[in-house]
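J.: Contents of upload.txt (compact mmCIF, C-alpha atoms):
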# COMPACT_ATOMS: atom_id res chain seq x y z
CA MET V 192 21.43 -66.17 63.43
CA THR V 193 23.52 -63.15 62.46
CA LEU V 194 23.72 -60.14 64.74
CA GLY V 195 22.17 -58.00 62.01
CA ARG V 196 19.06 -60.17 61.88
CA ARG V 197 18.77 -60.18 65.66
CA LEU V 198 19.06 -56.39 65.77
CA ALA V 199 16.43 -56.02 63.07
CA ALA V 200 14.09 -58.24 65.11
CA GLU V 201 14.72 -56.20 68.27
CA GLY V 202 14.21 -52.90 66.47
CA ILE V 203 11.05 -53.91 64.62
CA GLY V 204 9.58 -55.66 67.65
CA THR V 205 10.24 -52.66 69.90
CA ALA V 206 8.75 -50.32 67.31
CA LEU V 207 5.57 -52.38 67.09
CA LEU V 208 5.35 -52.59 70.88
CA LEU V 209 5.66 -48.82 71.31
CA ALA V 210 3.18 -48.23 68.50
CA ALA V 211 0.75 -50.48 70.39
CA VAL V 212 1.39 -48.75 73.73
CA VAL V 213 1.09 -45.20 72.42
CA GLY V 214 -1.57 -45.90 69.79
CA SER V 215 -3.88 -47.74 72.18
CA GLY V 216 -3.42 -44.92 74.68
CA ILE V 217 -4.55 -42.36 72.12
CA MET V 218 -7.47 -44.48 70.94
CA GLY V 219 -8.54 -45.33 74.47
CA GLU V 220 -8.49 -41.71 75.58
CA ARG V 221 -10.46 -40.56 72.54
CA LEU V 222 -13.16 -43.20 72.93
CA ALA V 223 -13.42 -43.16 76.72
CA GLY V 224 -15.22 -39.83 76.89
CA GLY V 225 -13.05 -38.56 79.72
CA ASN V 226 -13.19 -41.78 81.74
CA VAL V 227 -9.51 -42.35 82.56
CA ALA V 228 -10.15 -45.83 83.97
CA VAL V 229 -11.66 -47.00 80.68
CA ALA V 230 -8.78 -45.44 78.73
CA LEU V 231 -6.23 -47.19 80.96
CA LEU V 232 -8.08 -50.50 80.61
CA ALA V 233 -7.92 -50.24 76.82
CA ASN V 234 -4.26 -49.21 76.94
CA SER V 235 -3.22 -52.04 79.27
CA LEU V 236 -5.11 -54.80 77.46
CA ALA V 237 -3.83 -53.77 74.03
CA SER V 238 -0.25 -53.40 75.29
CA GLY V 239 -0.26 -56.76 77.06
CA ALA V 240 -1.79 -58.57 74.09
CA ALA V 241 0.70 -57.00 71.69
CA LEU V 242 3.57 -57.96 73.97
CA VAL V 243 2.53 -61.62 73.99
CA ALA V 244 2.25 -61.70 70.21
CA LEU V 245 5.57 -59.92 69.67
CA ILE V 246 7.49 -62.17 72.07
CA LEU V 247 6.16 -65.24 70.27
CA THR V 248 7.03 -63.68 66.91
CA PHE V 249 10.53 -62.33 67.55
CA GLY V 250 11.63 -64.37 70.57
CA PRO V 251 13.14 -67.24 68.56
CA ILE V 252 15.19 -64.70 66.57
CA SER V 253 16.51 -62.15 69.06
CA GLY V 254 15.10 -63.15 72.44
CA ALA V 255 12.46 -60.39 72.25
CA HIS V 256 14.01 -58.23 74.96
CA PHE V 257 12.41 -54.96 73.75
CA ASN V 258 13.81 -53.26 76.85
CA PRO V 259 17.37 -52.18 77.73
CA ALA V 260 16.89 -53.30 81.34
CA VAL V 261 16.15 -56.84 80.15
CA THR V 262 19.14 -56.83 77.81
CA LEU V 263 21.55 -55.57 80.48
CA GLY V 264 20.22 -58.05 83.01
CA ASP V 265 20.66 -60.89 80.53
CA ALA V 266 24.17 -59.73 79.63
CA SER V 267 25.14 -59.66 83.31
CA GLN V 268 24.46 -63.41 83.46
CA GLY V 269 26.18 -64.25 80.19
CA GLY V 270 23.00 -64.71 78.17
CA ILE V 271 24.13 -62.17 75.57
CA ALA V 272 27.65 -60.91 74.94
CA TRP V 273 28.34 -57.42 76.27
CA ARG V 274 29.60 -56.41 72.83
CA ASP V 275 26.14 -57.26 71.46
CA ALA V 276 24.22 -55.71 74.37
CA GLY V 277 25.10 -52.17 73.31
CA ALA V 278 23.89 -52.88 69.79
CA TYR V 279 20.66 -54.36 71.21
CA VAL V 280 20.02 -51.25 73.31
CA THR V 281 20.66 -48.99 70.32
CA ALA V 282 18.23 -51.00 68.17
CA GLN V 283 15.63 -50.85 70.94
CA VAL V 284 15.92 -47.09 71.35
CA VAL V 285 15.73 -46.46 67.60
CA GLY V 286 12.81 -48.86 67.27
CA ALA V 287 10.99 -47.24 70.18
CA VAL V 288 11.33 -43.76 68.67
CA VAL V 289 10.09 -45.02 65.30
CA GLY V 290 7.16 -46.76 66.98
CA VAL V 291 6.12 -43.64 68.89
CA ALA V 292 6.36 -41.50 65.76
CA THR V 293 4.34 -44.03 63.77
CA ALA V 294 1.57 -44.13 66.38
CA ASP V 295 1.39 -40.34 66.49
CA VAL V 296 1.15 -40.10 62.71
CA MET V 297 -1.54 -42.80 62.54
CA PHE V 298 -3.73 -40.72 64.85
CA GLY V 299 -3.00 -37.34 63.32
CA GLU V 300 -0.80 -36.16 66.18
CA PRO V 301 2.50 -34.29 65.72
CA VAL V 302 5.26 -36.72 64.78
CA PHE V 303 7.20 -35.70 67.86
CA ALA V 304 6.03 -33.48 70.71
CA LEU V 305 7.68 -33.35 74.12
CA SER V 306 5.31 -34.70 76.73
CA HIS V 307 3.86 -32.47 79.45
CA HIS V 308 2.65 -35.43 81.54
CA ALA V 309 4.35 -35.17 84.93
CA ARG V 310 5.42 -38.53 86.37
CA GLN V 311 7.49 -37.62 89.41
CA GLY V 312 7.86 -38.21 93.11
CA PRO V 313 8.82 -41.10 95.40
CA ALA V 314 5.59 -43.03 94.77
CA GLN V 315 6.14 -43.01 91.01
CA LEU V 316 9.77 -44.05 91.34
CA LEU V 317 9.00 -46.84 93.81
CA SER V 318 6.24 -48.04 91.49
CA GLU V 319 8.60 -48.22 88.55
CA PHE V 320 11.18 -50.07 90.62
CA VAL V 321 8.53 -52.62 91.62
CA ALA V 322 7.27 -52.92 88.04
CA THR V 323 10.74 -53.61 86.64
CA PHE V 324 11.71 -55.89 89.51
CA GLY V 325 8.58 -57.95 88.91
CA LEU V 326 9.12 -58.05 85.16
CA MET V 327 12.64 -59.41 85.52
CA ALA V 328 11.50 -61.86 88.18
CA VAL V 329 8.83 -63.21 85.84
CA ILE V 330 11.31 -63.45 82.97
CA TRP V 331 14.00 -65.21 85.01
CA GLY V 332 11.54 -67.56 86.65
CA CYS V 333 9.65 -68.53 83.51
CA SER V 334 12.72 -68.83 81.29
CA ARG V 335 13.60 -71.96 83.26
CA LEU V 336 10.41 -73.64 82.01
CA ARG V 337 11.74 -74.03 78.44
CA SER V 338 8.45 -72.87 76.91
CA SER V 339 8.26 -69.72 74.80
CA SER V 340 4.45 -69.71 75.07
CA VAL V 341 4.56 -69.71 78.86
CA VAL V 342 7.13 -66.89 78.93
CA ALA V 343 5.16 -64.77 76.47
CA LEU V 344 1.87 -65.23 78.32
CA ALA V 345 3.44 -64.61 81.72
CA VAL V 346 5.24 -61.43 80.63
CA GLY V 347 2.15 -60.09 78.85
CA ALA V 348 -0.06 -60.86 81.84
CA TYR V 349 2.37 -59.24 84.28
CA ILE V 350 2.70 -56.04 82.26
CA THR V 351 -1.09 -55.81 81.88
CA ALA V 352 -1.45 -56.15 85.65
CA ALA V 353 1.41 -53.73 86.36
CA TYR V 354 -0.47 -50.99 84.50
CA TRP V 355 -2.99 -51.23 87.32
CA PHE V 356 -1.13 -52.12 90.50
CA THR V 357 1.68 -49.57 90.12
CA ALA V 358 1.21 -45.82 90.28
CA SER V 359 3.61 -45.38 87.34
CA THR V 360 1.66 -47.78 85.07
CA SER V 361 4.85 -49.70 84.22
CA PHE V 362 6.79 -47.63 81.71
CA VAL V 363 8.77 -48.18 78.56
CA THR V 364 10.29 -44.80 79.20
CA LEU V 365 12.68 -42.99 76.89
CA ALA V 366 10.72 -42.72 73.63
CA ARG V 367 7.47 -41.95 75.45
CA SER V 368 8.87 -38.54 76.35
CA LEU V 369 8.49 -37.69 72.65
CA THR V 370 4.69 -37.93 72.56
CA ASN V 371 2.34 -35.54 74.36
CA THR V 372 -0.44 -38.11 74.50
CA PHE V 373 -1.99 -40.45 77.07
CA ALA V 374 1.13 -42.63 77.37
CA GLY V 375 3.65 -39.79 77.52
CA ILE V 376 6.13 -38.87 80.24
CA ARG V 377 7.71 -35.45 80.79
CA PRO V 378 11.39 -35.47 79.65
CA SER V 379 12.60 -34.12 82.98
CA ASP V 380 11.12 -37.18 84.70
CA VAL V 381 12.84 -39.70 82.41
CA PRO V 382 16.27 -39.93 84.17
CA GLY V 383 14.74 -40.93 87.50
CA PHE V 384 12.63 -43.60 85.86
CA ILE V 385 15.60 -45.06 84.00
CA VAL V 386 17.71 -45.21 87.17
CA VAL V 387 15.06 -47.07 89.21
CA GLN V 388 14.35 -49.41 86.29
CA LEU V 389 18.01 -50.41 86.20
CA PHE V 390 18.05 -50.87 89.97
CA GLY V 391 14.88 -52.97 89.76
CA ALA V 392 16.35 -55.18 87.06
CA ALA V 393 19.60 -55.57 88.99
CA ALA V 394 17.78 -56.43 92.22
CA ALA V 395 15.63 -59.09 90.57
CA THR V 396 18.63 -60.56 88.76
CA GLY V 397 20.63 -60.67 91.99
CA LEU V 398 17.75 -62.33 93.83
CA PHE V 399 17.31 -65.03 91.21
CA ARG V 400 21.05 -65.57 91.01
CA TRP V 401 20.80 -66.50 94.70
CA LEU V 402 17.53 -68.43 94.43
CA VAL V 403 18.68 -70.31 91.33
CA PRO V 404 22.50 -70.69 91.33
CA SER V 405 22.29 -72.21 87.84
CA LEU V 406 20.77 -69.00 86.46
CA PRO V 407 23.58 -68.35 83.93
CA ALA V 408 22.70 -71.69 82.31
CA VAL V 409 19.22 -70.43 81.39
CA ALA V 410 20.26 -66.84 80.59
CA PRO V 411 20.65 -67.59 76.85
CA ARG V 412 16.92 -68.41 76.76
CA VAL V 413 15.82 -64.92 77.83
CA VAL V 414 13.19 -64.10 76.78
CA ALA V 415 12.00 -67.00 74.63
CA LYS V 416 12.94 -70.57 73.81
CA GLY V 417 15.18 -70.66 70.79
CA THR V 418 17.37 -67.71 71.75
CA GLU V 419 20.26 -69.93 72.75
CA ARG V 420 20.19 -71.65 69.38
CA ALA V 421 19.92 -68.30 67.60
CA ALA V 422 22.84 -66.88 69.55
CA GLN V 423 24.98 -69.93 68.81
CA GLN V 424 24.16 -69.70 65.12
CA GLY V 425 24.96 -65.99 65.19
CA SER V 426 28.37 -66.63 66.75
CA ARG V 427 29.19 -69.05 63.92
CA ALA V 428 27.86 -66.82 61.13
For this file, write the structure as C-alpha cells.
T.:
Amino acid sequence: MTLGRRLAAEGIGTALLLAAVVGSGIMGERLAGGNVAVALLANSLASGAALVALILTFGPISGAHFNPAVTLGDASQGGIAWRDAGAYVTAQVVGAVVGVATADVMFGEPVFALSHHARQGPAQLLSEFVATFGLMAVIWGCSRLRSSSVVALAVGAYITAAYWFTASTSFVTLARSLTNTFAGIRPSDVPGFIVVQLFGAAAATGLFRWLVPSLPAVAPRVVAKGTERAAQQGSRA
C-alpha cells in the first residue's frame, strides 16, 4: 500500500471521526433540552460507534490511528517508520480540521469559531492522561490478538466509557478548539491537554514494553489486522 493511500485513509477517517464527535455533540445538545447528561450520552454513543466502524473500514489500509499519540507510540516501537509518522500526524490534523468544519456547516454553525469551553485544571489534565493511557493500553493489549474486529470493538467501547469516567471526556483535542459547540475546548487549554496525552501514550507504551517484551513484533498491527501487510506493500511500492 503506497504512503499516499495510507495518508488518504488516515485523513478521511480522522475527518469522519471528528465530524461524528462534533456533530453528535451539537445534535445531542439541541435535542436534550438542557439535560447535559442526555447530550453526553448521545455524544459518547455516536462517537464510540463511529470509531468502531472507521477502524474496521480504514484499519487494513493505514492502521486507523486517527490520533497523533497513537502514531507516535506506534513509531516508537517500530510499527511505522518515523519518516512516515510525521506525514500521518499532518494528515490527521488536516482531516480533523476538515471534519470539525464539516460538522459545523451541517448544523448551520460558523465554519470555524474559537471555543469558549474552559477545560483546565489538574483534574482535567489527570483525566486526559488516564484516558490516553487507557486507550494505548487497550490498543497494545488487543493488537496481540490478531483480530481487527476485537481491536475495533475494544477501542470503541473504551472511548465510549472514557467519556463518562474521566472529567475531561476523553479528547481528540487540537481541531476541537475551532468549534464553539458542545465538544469544543478553549484554545488556551489545548497545550496542556496535548502534553498529558503524549505522556499518557508514552507511559502505556513503556508499561506494555515491559509487560510484553515482544511488543515491537506486534507494533505493525496497530491498530488493526492487515496494517503490517499494508506497510510492507507500501515499502515495496
J.: For Ala200 in chain V, work out the shell of residues within 8 Å, counting all atoms listed in the file and skipping chain neighbours fewer than 2 positions away, then give it as a PDB file with C-alpha atoms, in the coordinates of the input.
T.:
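out.pdb written:
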ATOM      1  CA  ARG V 196      19.060 -60.170  61.880  1.00  0.00           C
ATOM      2  CA  ARG V 197      18.770 -60.180  65.660  1.00  0.00           C
ATOM      3  CA  LEU V 198      19.060 -56.390  65.770  1.00  0.00           C
ATOM      4  CA  GLY V 202      14.210 -52.900  66.470  1.00  0.00           C
ATOM      5  CA  ILE V 203      11.050 -53.910  64.620  1.00  0.00           C
ATOM      6  CA  GLY V 204       9.580 -55.660  67.650  1.00  0.00           C
ATOM      7  CA  PHE V 249      10.530 -62.330  67.550  1.00  0.00           C
ATOM      8  CA  ILE V 252      15.190 -64.700  66.570  1.00  0.00           C
ATOM      9  CA  SER V 253      16.510 -62.150  69.060  1.00  0.00           C
ATOM     10  CA  ALA V 255      12.460 -60.390  72.250  1.00  0.00           C
TER      11      ALA V 255
END
J.: Counting only C-alpha atoms, give me one row per residue of range 331-392 of chain V with an atom at most 12 Å from an atom of range 297-321 of chain V, showing the shortest contact pair and its distance in Å to one decimal, sorted by chain then residue number, as JSON lines.
T.:
{"residue": "V:Tyr349", "atom": "CA", "partner": "V:Val321", "partner_atom": "CA", "distance": 11.6}
{"residue": "V:Ile350", "atom": "CA", "partner": "V:Val321", "partner_atom": "CA", "distance": 11.5}
{"residue": "V:Ala353", "atom": "CA", "partner": "V:Val321", "partner_atom": "CA", "distance": 8.9}
{"residue": "V:Tyr354", "atom": "CA", "partner": "V:Ser318", "partner_atom": "CA", "distance": 10.1}
{"residue": "V:Trp355", "atom": "CA", "partner": "V:Ser318", "partner_atom": "CA", "distance": 10.6}
{"residue": "V:Phe356", "atom": "CA", "partner": "V:Ser318", "partner_atom": "CA", "distance": 8.5}
{"residue": "V:Thr357", "atom": "CA", "partner": "V:Ser318", "partner_atom": "CA", "distance": 5.0}
{"residue": "V:Ala358", "atom": "CA", "partner": "V:Ser318", "partner_atom": "CA", "distance": 5.6}
{"residue": "V:Ser359", "atom": "CA", "partner": "V:Gln315", "partner_atom": "CA", "distance": 5.0}
{"residue": "V:Thr360", "atom": "CA", "partner": "V:Glu319", "partner_atom": "CA", "distance": 7.8}
{"residue": "V:Ser361", "atom": "CA", "partner": "V:Glu319", "partner_atom": "CA", "distance": 5.9}
{"residue": "V:Phe362", "atom": "CA", "partner": "V:Glu319", "partner_atom": "CA", "distance": 7.1}
{"residue": "V:Val363", "atom": "CA", "partner": "V:Glu319", "partner_atom": "CA", "distance": 10.0}
{"residue": "V:Thr364", "atom": "CA", "partner": "V:Glu319", "partner_atom": "CA", "distance": 10.1}
{"residue": "V:Leu365", "atom": "CA", "partner": "V:Ser306", "partner_atom": "CA", "distance": 11.1}
{"residue": "V:Ala366", "atom": "CA", "partner": "V:Phe303", "partner_atom": "CA", "distance": 9.7}
{"residue": "V:Arg367", "atom": "CA", "partner": "V:Ser306", "partner_atom": "CA", "distance": 7.7}
{"residue": "V:Ser368", "atom": "CA", "partner": "V:Ser306", "partner_atom": "CA", "distance": 5.3}
{"residue": "V:Leu369", "atom": "CA", "partner": "V:Leu305", "partner_atom": "CA", "distance": 4.7}
{"residue": "V:Thr370", "atom": "CA", "partner": "V:Ala304", "partner_atom": "CA", "distance": 5.0}
{"residue": "V:Asn371", "atom": "CA", "partner": "V:Ser306", "partner_atom": "CA", "distance": 3.9}
{"residue": "V:Thr372", "atom": "CA", "partner": "V:Ser306", "partner_atom": "CA", "distance": 7.0}
{"residue": "V:Phe373", "atom": "CA", "partner": "V:His308", "partner_atom": "CA", "distance": 8.2}
{"residue": "V:Ala374", "atom": "CA", "partner": "V:His308", "partner_atom": "CA", "distance": 8.5}
{"residue": "V:Gly375", "atom": "CA", "partner": "V:Ser306", "partner_atom": "CA", "distance": 5.4}
{"residue": "V:Ile376", "atom": "CA", "partner": "V:His308", "partner_atom": "CA", "distance": 5.1}
{"residue": "V:Arg377", "atom": "CA", "partner": "V:Ser306", "partner_atom": "CA", "distance": 4.8}
{"residue": "V:Pro378", "atom": "CA", "partner": "V:Ser306", "partner_atom": "CA", "distance": 6.8}
{"residue": "V:Ser379", "atom": "CA", "partner": "V:Ala309", "partner_atom": "CA", "distance": 8.5}
{"residue": "V:Asp380", "atom": "CA", "partner": "V:Gln311", "partner_atom": "CA", "distance": 6.0}
{"residue": "V:Val381", "atom": "CA", "partner": "V:Arg310", "partner_atom": "CA", "distance": 8.5}
{"residue": "V:Pro382", "atom": "CA", "partner": "V:Gln311", "partner_atom": "CA", "distance": 10.5}
{"residue": "V:Gly383", "atom": "CA", "partner": "V:Leu316", "partner_atom": "CA", "distance": 7.0}
{"residue": "V:Phe384", "atom": "CA", "partner": "V:Leu316", "partner_atom": "CA", "distance": 6.2}
{"residue": "V:Ile385", "atom": "CA", "partner": "V:Glu319", "partner_atom": "CA", "distance": 8.9}
{"residue": "V:Val386", "atom": "CA", "partner": "V:Phe320", "partner_atom": "CA", "distance": 8.8}
{"residue": "V:Val387", "atom": "CA", "partner": "V:Phe320", "partner_atom": "CA", "distance": 5.1}
{"residue": "V:Gln388", "atom": "CA", "partner": "V:Phe320", "partner_atom": "CA", "distance": 5.4}
{"residue": "V:Leu389", "atom": "CA", "partner": "V:Phe320", "partner_atom": "CA", "distance": 8.1}
{"residue": "V:Phe390", "atom": "CA", "partner": "V:Phe320", "partner_atom": "CA", "distance": 6.9}
{"residue": "V:Gly391", "atom": "CA", "partner": "V:Phe320", "partner_atom": "CA", "distance": 4.8}
{"residue": "V:Ala392", "atom": "CA", "partner": "V:Phe320", "partner_atom": "CA", "distance": 8.1}
J.: Could those residues be written to a file, using C-alpha atoms, as a compact mmCIF listing (two decimals), in the frame of the given file?
T.:
# COMPACT_ATOMS: atom_id res chain seq x y z
CA TYR V 349 2.37 -59.24 84.28
CA ILE V 350 2.70 -56.04 82.26
CA ALA V 353 1.41 -53.73 86.36
CA TYR V 354 -0.47 -50.99 84.50
CA TRP V 355 -2.99 -51.23 87.32
CA PHE V 356 -1.13 -52.12 90.50
CA THR V 357 1.68 -49.57 90.12
CA ALA V 358 1.21 -45.82 90.28
CA SER V 359 3.61 -45.38 87.34
CA THR V 360 1.66 -47.78 85.07
CA SER V 361 4.85 -49.70 84.22
CA PHE V 362 6.79 -47.63 81.71
CA VAL V 363 8.77 -48.18 78.56
CA THR V 364 10.29 -44.80 79.20
CA LEU V 365 12.68 -42.99 76.89
CA ALA V 366 10.72 -42.72 73.63
CA ARG V 367 7.47 -41.95 75.45
CA SER V 368 8.87 -38.54 76.35
CA LEU V 369 8.49 -37.69 72.65
CA THR V 370 4.69 -37.93 72.56
CA ASN V 371 2.34 -35.54 74.36
CA THR V 372 -0.44 -38.11 74.50
CA PHE V 373 -1.99 -40.45 77.07
CA ALA V 374 1.13 -42.63 77.37
CA GLY V 375 3.65 -39.79 77.52
CA ILE V 376 6.13 -38.87 80.24
CA ARG V 377 7.71 -35.45 80.79
CA PRO V 378 11.39 -35.47 79.65
CA SER V 379 12.60 -34.12 82.98
CA ASP V 380 11.12 -37.18 84.70
CA VAL V 381 12.84 -39.70 82.41
CA PRO V 382 16.27 -39.93 84.17
CA GLY V 383 14.74 -40.93 87.50
CA PHE V 384 12.63 -43.60 85.86
CA ILE V 385 15.60 -45.06 84.00
CA VAL V 386 17.71 -45.21 87.17
CA VAL V 387 15.06 -47.07 89.21
CA GLN V 388 14.35 -49.41 86.29
CA LEU V 389 18.01 -50.41 86.20
CA PHE V 390 18.05 -50.87 89.97
CA GLY V 391 14.88 -52.97 89.76
CA ALA V 392 16.35 -55.18 87.06
J.: Which is closer to Ala244 in chain V than all the others in V:Ala276, V:Leu402, V:Val213, V:Ala348, using all atoms listed in the file?
T.: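 Among the listed residues, V:Ala348 lies closest to Ala244 in chain V.
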J.: Show me, as a list of chain:residue names, the residues that have an atom within 8 Å of Thr262 in chain V when counting all atoms listed in the file, minus same-chain residues fewer than 3 positions from it.
T.: V:His256, V:Asn258, V:Pro259, V:Asp265, V:Ala266, V:Ile271, V:Ala276, V:Tyr279, V:Val280
J.: Which one is closest to Ala328 in chain V: V:Val284, V:Leu398, V:Val227, V:Leu222? Count only C-alpha atoms.
T.: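 Checking each candidate against Ala328 in chain V, we get V:Leu398 as the closest.
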J.: Which of these residues is nearest to Ala408 in chain V, using all atoms listed in the file: V:Ser238, V:Ser334, V:Thr293, V:Ser215?
T.: V:Ser334
J.: Do you have the CA of Gly325 in chain V-CA of Ala393 in chain V distance handy?
T.: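 Distance reported for this atom pair: 11.3 Å.
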J.: Quote the spacing between CA of Val243 in chain V and CA of Val346 in chain V in Å to one decimal place.
T.: 7.2 Å
